[in-house]
Amino acid sequence: MFSDSYRTVKYKSEGLYKDKGSKFISYVFPVKNEEEIKLFLDELKKKHYDARHHCYAWAQGPTRDAYRINDDGEPSGTAGKPIYGQILSHDITNVLIVVVRYFGGTKLGVRGLINAYKAAAADALQNNTILEMLIREVYELHFEYPMMNQVMKVLKDYGLNQISHDFAMSCKLSFEVRRNKADEVKKIFESIYGVTISYKYTL
C-alpha cells in the first residue's frame, strides 16, 4: 500500500561549516522540477563564481524516484553522497541541497570532507521547516452537458478540487484527489454512463 503523503522543506535556507580554513556554505531549496534545480544551480554558480567546488544532491517525486548526486571535483563519494545522506535521514523529497566550498589551503582528507559536507547540509536543514504534504492525483473527465449535475455532485460530495474546465461543445474537466481516495472516486465516475475518466499526473 502506497503512503499518500511525503515530507519536504518549506522554504530556502542556508547553513555554514568551517574546518582548517575551508568554508562550506550550504543552501537548501524546495524544488518542483529539474528546470528549477538548474536555475538555482546556475544562480549559485554566478553568486559564488570564485568558489572551488559546488557540490549538490537532489531528490524528486514522492518516493524519491528521481535523484542526483554530484561531487564537482571532490574525491568520489566525499561530497554528493553525504549531502544526499541528509536528504535520506530527514526523509524529504522535492529538495535541492548545494554546498559551496572555498578551499582554505589545508587538505581535509576523505573523512574530513565527508564530515564537512554532511555537517554543512545538516546546518542548512536545521534552519528550515519540514512539511508533510499529501500526494494528490490529477484526473481528467470528458462528458456531455446532461451529465453535468451528476459530475458536480461527486466533486462536491468528495470535496474534490477542480483544476480546470472547458465547457465548449462538450465538457472537459480536471480535478485533484488525495491518493488514498483516488480508486474510490475513479470507480464512481466510471459507473456514470457517458463519463470517461483518465489519469493525468501525480502532484
# chains A, B, ... in the order shown; residues from 1 in each chain; ligands from 1
$ select_by_dssp --residues "range 22-191 of chain A" --states "strand (DSSP E or B)" --output "JSON, numbers by chain"
{"A": [22, 23, 24, 25, 26, 27, 28, 29, 30, 53, 54, 55, 56, 57, 58, 59, 60, 66, 67, 68, 69, 70, 95, 96, 97, 98, 99, 100, 101, 102, 130, 131, 132, 133, 134, 136, 137, 138, 139, 140, 141, 142, 143, 161, 162, 163, 164, 165, 166, 167, 171, 172, 173, 174, 175, 176, 177, 178]}
$ residues_around --residues "Val9 in chain A" --least-positions-apart "6" --cutoff "10 Å" --atoms "only C-alpha atoms" --output "list of chain:residue names"
A:Val28, A:Phe29, A:Pro30, A:Val31, A:His90, A:Ile92, A:Thr93, A:Asn94, A:Val95, A:Leu96, A:Leu125, A:Asn128, A:Thr129, A:Ile130, A:Leu131, A:Glu132, A:Met133
$ write_last_selection --atoms "N, CA and C atoms" --output "compact mmCIF listing (two decimals), in the first residue's frame"
# COMPACT_ATOMS: atom_id res chain seq x y z
N VAL A 28 19.60 25.14 0.95
CA VAL A 28 18.50 24.17 0.74
C VAL A 28 17.38 24.90 0.00
N PHE A 29 16.88 24.25 -1.06
CA PHE A 29 15.78 24.83 -1.84
C PHE A 29 14.64 23.81 -1.99
N PRO A 30 13.39 24.24 -1.80
CA PRO A 30 12.29 23.36 -2.22
C PRO A 30 12.19 23.46 -3.75
N VAL A 31 12.06 22.34 -4.43
CA VAL A 31 12.03 22.37 -5.91
C VAL A 31 10.90 21.48 -6.45
N HIS A 90 16.57 12.82 6.82
CA HIS A 90 15.41 13.68 7.16
C HIS A 90 14.14 13.21 6.44
N ILE A 92 13.11 13.44 3.26
CA ILE A 92 12.48 14.53 2.49
C ILE A 92 12.68 14.30 0.99
N THR A 93 11.87 15.00 0.21
CA THR A 93 11.99 14.95 -1.25
C THR A 93 11.60 16.31 -1.82
N ASN A 94 11.62 16.42 -3.16
CA ASN A 94 11.39 17.71 -3.84
C ASN A 94 12.29 18.78 -3.22
N VAL A 95 13.56 18.43 -3.13
CA VAL A 95 14.54 19.29 -2.45
C VAL A 95 15.88 19.26 -3.19
N LEU A 96 16.56 20.39 -3.16
CA LEU A 96 17.93 20.51 -3.68
C LEU A 96 18.80 21.05 -2.55
N LEU A 125 19.57 22.48 6.81
CA LEU A 125 18.27 21.83 7.08
C LEU A 125 17.76 22.20 8.47
N ASN A 128 15.60 25.21 8.54
CA ASN A 128 14.41 25.12 7.71
C ASN A 128 13.27 24.50 8.51
N THR A 129 12.11 24.37 7.87
CA THR A 129 10.96 23.69 8.48
C THR A 129 10.54 22.59 7.53
N ILE A 130 10.30 21.41 8.09
CA ILE A 130 9.88 20.28 7.25
C ILE A 130 8.36 20.14 7.30
N LEU A 131 7.77 20.04 6.10
CA LEU A 131 6.31 19.95 5.97
C LEU A 131 5.90 18.56 5.52
N GLU A 132 4.73 18.13 5.98
CA GLU A 132 4.15 16.88 5.48
C GLU A 132 3.12 17.27 4.41
N MET A 133 3.29 16.74 3.21
CA MET A 133 2.41 17.09 2.08
C MET A 133 1.62 15.86 1.64
$ atom_distance --atom1 "CA of Leu141 in chain A" --atom2 "CA of Val177 in chain A"
12.9 Å
$ residues_around --residues "Gly73 in chain A" --least-positions-apart "3" --cutoff "9 Å" --atoms "only C-alpha atoms" --output "number ranges by chain"
A: 52-55, 70, 76
$ select_by_dssp --residues "range 2-198 of chain A" --states "alpha helix (DSSP H)" --output "PyMOL selection string"
chain A and resi 34-47+80-89+109-126+148-157+179-191
$ write_last_selection --atoms "C-alpha atoms" --output "short mmCIF file (atom, residue, chain, number, x, y, z; two decimals), in the first residue's frame"
data_model
loop_
_atom_site.label_atom_id
_atom_site.label_comp_id
_atom_site.auth_asym_id
_atom_site.auth_seq_id
_atom_site.Cartn_x
_atom_site.Cartn_y
_atom_site.Cartn_z
CA GLU A 34 14.58 19.80 -12.89
CA GLU A 35 14.20 23.22 -14.57
CA GLU A 36 14.02 24.84 -11.11
CA ILE A 37 17.04 22.82 -9.97
CA LYS A 38 19.07 24.06 -12.95
CA LEU A 39 18.06 27.68 -12.28
CA PHE A 40 19.14 27.51 -8.63
CA LEU A 41 22.46 25.83 -9.54
CA ASP A 42 23.17 28.48 -12.19
CA GLU A 43 22.26 31.24 -9.72
CA LEU A 44 24.72 29.90 -7.11
CA LYS A 45 27.50 29.42 -9.68
CA LYS A 46 27.18 33.11 -10.55
CA LYS A 47 26.98 34.19 -6.92
CA GLY A 80 27.36 14.48 -3.01
CA LYS A 81 26.84 11.25 -1.07
CA PRO A 82 26.95 12.77 2.45
CA ILE A 83 24.69 15.61 1.22
CA TYR A 84 22.21 13.05 -0.15
CA GLY A 85 22.54 11.16 3.15
CA GLN A 86 20.96 14.18 4.86
CA ILE A 87 18.03 14.06 2.42
CA LEU A 88 17.53 10.39 3.34
CA SER A 89 17.97 10.83 7.10
CA GLY A 109 41.27 14.12 3.85
CA VAL A 110 38.41 11.81 2.91
CA ARG A 111 36.89 11.57 6.39
CA GLY A 112 37.21 15.32 6.95
CA LEU A 113 35.46 16.09 3.66
CA ILE A 114 32.61 13.65 4.32
CA ASN A 115 32.08 15.19 7.75
CA ALA A 116 32.23 18.76 6.40
CA TYR A 117 29.69 18.24 3.60
CA LYS A 118 27.39 16.32 5.94
CA ALA A 119 27.61 18.99 8.67
CA ALA A 120 27.06 21.88 6.22
CA ALA A 121 23.97 20.22 4.71
CA ALA A 122 22.63 19.40 8.19
CA ASP A 123 23.08 23.02 9.31
CA ALA A 124 21.03 24.39 6.37
CA LEU A 125 18.27 21.83 7.08
CA GLN A 126 18.35 22.79 10.77
CA MET A 148 -23.10 17.90 -15.53
CA ASN A 149 -25.20 17.67 -12.35
CA GLN A 150 -24.07 14.12 -11.56
CA VAL A 151 -20.41 15.04 -12.11
CA MET A 152 -20.65 18.17 -9.95
CA LYS A 153 -22.38 16.21 -7.18
CA VAL A 154 -19.48 13.72 -6.96
CA LEU A 155 -16.96 16.61 -6.90
CA LYS A 156 -18.93 18.28 -4.09
CA ASP A 157 -19.55 15.08 -2.07
CA ARG A 179 -4.21 9.36 -3.40
CA ASN A 180 -5.96 7.13 -0.83
CA LYS A 181 -9.37 8.22 -2.22
CA ALA A 182 -8.40 8.04 -5.91
CA ASP A 183 -9.56 4.46 -6.63
CA GLU A 184 -12.92 5.02 -4.94
CA VAL A 185 -13.59 8.28 -6.86
CA LYS A 186 -12.41 6.74 -10.15
CA LYS A 187 -14.86 3.81 -9.77
CA ILE A 188 -17.76 6.21 -9.12
CA PHE A 189 -17.04 8.23 -12.27
CA GLU A 190 -16.55 5.02 -14.30
CA SER A 191 -20.00 3.89 -13.16
#
$ closest_residue --among "A:Asp71, A:Glu144, A:Glu137, A:Asp65" --to "Val195 in chain A" --atoms "only C-alpha atoms"
A:Glu144
$ residues_around --residues "Glu140 in chain A" --least-positions-apart "5" --cutoff "6 Å" --atoms "only C-alpha atoms" --output "ChimeraX atom specification"
/A:173-174,197-198
$ write_last_selection --atoms "N, CA and C atoms" --output "mmCIF file, in the first residue's frame"
data_model
loop_
_atom_site.group_PDB
_atom_site.id
_atom_site.type_symbol
_atom_site.label_atom_id
_atom_site.label_comp_id
_atom_site.auth_asym_id
_atom_site.auth_seq_id
_atom_site.Cartn_x
_atom_site.Cartn_y
_atom_site.Cartn_z
ATOM 1 N N LEU A 173 -13.100 18.441 -17.847
ATOM 2 C CA LEU A 173 -12.833 18.991 -16.520
ATOM 3 C C LEU A 173 -11.712 18.197 -15.865
ATOM 4 N N SER A 174 -10.787 18.878 -15.204
ATOM 5 C CA SER A 174 -9.749 18.143 -14.465
ATOM 6 C C SER A 174 -9.845 18.490 -12.984
ATOM 7 N N ILE A 197 -13.057 8.862 -17.701
ATOM 8 C CA ILE A 197 -12.068 9.434 -16.781
ATOM 9 C C ILE A 197 -10.690 8.910 -17.140
ATOM 10 N N SER A 198 -9.691 9.794 -17.122
ATOM 11 C CA SER A 198 -8.313 9.353 -17.399
ATOM 12 C C SER A 198 -7.344 10.017 -16.426
#
